[in-house]
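Participant: Okay, handing you the structure first.
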Amino acid sequence: MAVSSRTRATARAGKQAGAKANAADGRARGGRAKERGGAAAQLSNERLLELYRKMLLIRLFEEASQRAFRQGKSGGYLHVYIGEEAAATGFLDTYREGDKVITAYRDHAHALLLGSDPKAVMAELYGRGTGLVKGKGGSMHLFDVAHGLMGGYGIVGGHIPLGVGMAYALRYRGTDSIVQLYLGDGSIHNGAFHEAANLAGVWGRDGMNPTLFILENNQYGMGTSVERATAMTDLAAKFDSYGIEHEKVDGMDVEAVLACAHRVVEQMRTTGRPYAVEALTYRTVSHGAADFMEKYRSKEEVQKWRERDPIGLLEQKLLQSGALDEGRVKAMRDEAKRTVEEVVKFADESPEPPLAELYIDVYADA
């Protein structure tokens, strides 16, 4: 099951506690970043069900990819998005043709939300020739240029200058497209981040850098907590150094993320200036699928965050409104489960790429 009845019950308690209090527990204690927007815009039940369905598919896909990794069916390394689904779901709701999206190695959800074929994504994890990039990239290096995904990147912080450069190019060409640049809390202590953020700020003064920095603060860079990594734990406020406007959002509440995303993106399309949002979220699974000994955090801490599971929170709201009942919840889960079973079957039965594929796409055509 994607979201257990126990998860829904604890989500009820978490919702009552309120996003603001939980964001404060999310280790961003500096307090200087702006928190804007107030209550999220009221969404129809149909719209909320659409968001629920998307997050549910991501969750089941990620659970299946974890099983495949532990069964030895997918190689390389694997980082799943379990617990963080609301962040990408909310921000990518603003995507339109011409925009670009670039992210780090926790990239499966972004590809699925942008419209990549789930079968091709899973086949890529399996290293098969039918994969999104012909089995050459694996989990950490998903690309789907047709859908605006300019890559997942395995080098921490290495993609940040690329995203900033893309944003400059988009504006130079006279478009109002933007770049959504996803980065983790661990990457902002990297020199590549500071150099790129400075350029974004400089170019942005002239309206020439519509980079939306989406800082997915899941509280840990691998096993190192934010407090142990930086003296300044208000991560959004670091963008002040580069003249980049910023705010925080409760990254476990998809409605709050959606409202923030649409407001910010509309502003950026007009101004061409960069913007940063720190989404306070939490991965409720280990950093990577091969990590089992999580000595850096307690079971009690993980359980506390599970009470604010983004899918559980939304499910509870839909149950309370009458848009869902237990029967429909089961039907939607079963539908997502069947989809994922087909995806896994496709990946399992797909052929390995031929050896000749090693020499294809190495150089661009002249």
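Numbering starts fresh at 1 for the residues of each chain in the structure tokens, the chains themselves are lettered A, B, ... in the order given, and ligands are numbered from 1 as they appear.
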When you look at Glu357 in chain A with a cut-off of 9 Å (counting only C-alpha atoms), what residues show up, excluding the ones that are within fewer than 5 positions of it in the same chain? I need them as a PyMOL selection string.

Facilitator: chain A and resi 129+134+136

Participant: I'd like the neighbourhood of Ala146 in chain A as a VMD selection string, where a residue qualifies if any of its atoms comes within 12 Å (using only C-alpha atoms), though same-chain residues fewer than 3 positions away should be ignored.

Facilitator: chain A and resid 96 to 101 111 114 to 117 132 143 149 to 151

Participant: Leaving out range 248-251 of chain A and any residue of its chain fewer than 2 positions from it, which residues lie within 6 Å of it when counting only C-alpha atoms, given as an NGL selection string?

Facilitator: :A and (35 or 87 or 253 or 277-281)

Participant: Please produce an output containing N, CA and C atoms for each residue in the selection, written as a JSON list (two decimals), in the first residue's frame.

Facilitator:
[["chain", "number", "residue", "atom", "x", "y", "z"],
["A", 35, "GLU", "N", 8.36, 34.36, 4.41],
["A", 35, "GLU", "CA", 7.34, 33.33, 4.27],
["A", 35, "GLU", "C", 6.09, 34.06, 3.80],
["A", 87, "ALA", "N", 6.86, 18.64, -3.34],
["A", 87, "ALA", "CA", 7.71, 19.73, -3.84],
["A", 87, "ALA", "C", 7.70, 19.79, -5.37],
["A", 253, "ASP", "N", 3.21, 20.22, 1.97],
["A", 253, "ASP", "CA", 1.84, 20.63, 1.66],
["A", 253, "ASP", "C", 1.76, 21.01, 0.19],
["A", 277, "VAL", "N", 13.32, 29.57, -3.72],
["A", 277, "VAL", "CA", 12.34, 29.07, -2.75],
["A", 277, "VAL", "C", 12.96, 27.87, -2.03],
["A", 278, "GLU", "N", 12.97, 27.95, -0.71],
["A", 278, "GLU", "CA", 13.42, 26.82, 0.10],
["A", 278, "GLU", "C", 12.19, 26.01, 0.48],
["A", 279, "ALA", "N", 12.07, 24.81, -0.06],
["A", 279, "ALA", "CA", 10.95, 23.92, 0.26],
["A", 279, "ALA", "C", 11.38, 23.02, 1.41],
["A", 280, "LEU", "N", 10.78, 23.23, 2.56],
["A", 280, "LEU", "CA", 11.12, 22.43, 3.74],
["A", 280, "LEU", "C", 10.41, 21.10, 3.66],
["A", 281, "THR", "N", 11.19, 20.05, 3.45],
["A", 281, "THR", "CA", 10.62, 18.73, 3.21],
["A", 281, "THR", "C", 11.45, 17.69, 3.95]]

Participant: Could you tell me how far CA of Ala290 in chain A sits from CA of Gln66 in chain A, in Å to one decimal place?

Facilitator: 9.0 Å

Participant: Which residue, A:Val156, A:Leu212, A:Val145, A:Ala86, has the smallest gap to Leu313 in chain A when you use only C-alpha atoms?

Facilitator: A:Ala86

Participant: Between A:Gly201, A:Gly83, A:Gly158, A:Gly163, which has the minimum distance to Thr284 in chain A (counting only C-alpha atoms)?

Facilitator: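 So, comparing all the options, the nearest one is A:Gly83.
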
Participant: At a cut-off of 7 Å, using only C-alpha atoms, what residues contact Val343 in chain A? Leave out same-chain residues fewer than 5 positions from it and give the result as a PyMOL selection string.

Facilitator: chain A and resi 118-119+122

Participant: Those same residues, written as an mmCIF file, in the first residue's frame with all heavy atoms?

Facilitator:
data_model
loop_
_atom_site.group_PDB
_atom_site.id
_atom_site.type_symbol
_atom_site.label_atom_id
_atom_site.label_comp_id
_atom_site.auth_asym_id
_atom_site.auth_seq_id
_atom_site.Cartn_x
_atom_site.Cartn_y
_atom_site.Cartn_z
ATOM 1 N N PRO A 118 6.674 6.434 -18.126
ATOM 2 C CA PRO A 118 7.154 5.698 -16.954
ATOM 3 C C PRO A 118 7.884 4.405 -17.305
ATOM 4 O O PRO A 118 8.824 4.005 -16.606
ATOM 5 C CB PRO A 118 5.871 5.409 -16.164
ATOM 6 C CG PRO A 118 4.910 6.459 -16.600
ATOM 7 C CD PRO A 118 5.236 6.724 -18.044
ATOM 8 N N LYS A 119 7.465 3.757 -18.391
ATOM 9 C CA LYS A 119 8.143 2.521 -18.809
ATOM 10 C C LYS A 119 9.589 2.813 -19.208
ATOM 11 O O LYS A 119 10.510 2.064 -18.848
ATOM 12 C CB LYS A 119 7.391 1.882 -19.977
ATOM 13 C CG LYS A 119 6.032 1.322 -19.605
ATOM 14 C CD LYS A 119 5.351 0.693 -20.817
ATOM 15 C CE LYS A 119 4.001 0.092 -20.426
ATOM 16 N NZ LYS A 119 3.297 -0.504 -21.596
ATOM 17 N N MET A 122 11.684 3.559 -16.000
ATOM 18 C CA MET A 122 12.073 2.354 -15.270
ATOM 19 C C MET A 122 13.088 1.540 -16.061
ATOM 20 O O MET A 122 14.054 0.999 -15.490
ATOM 21 C CB MET A 122 10.842 1.505 -14.951
ATOM 22 C CG MET A 122 11.149 0.309 -14.050
ATOM 23 S SD MET A 122 11.690 0.763 -12.367
ATOM 24 C CE MET A 122 10.102 1.172 -11.611
#

Participant: Leaving out Tyr242 in chain A and any residue of its chain fewer than 3 positions from it, which residues lie within 9 Å of it when counting only C-alpha atoms, given as an NGL selection string?

Facilitator: :A and (194 or 197-202 or 238-239 or 245)

Participant: Would you mind telling me which residue in A:Arg47, A:Arg128, A:Arg306, A:Lys295 lies nearest to Ser225 in chain A when using only C-alpha atoms?

Facilitator: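 Under the stated criterion, the closest residue is A:Lys295.
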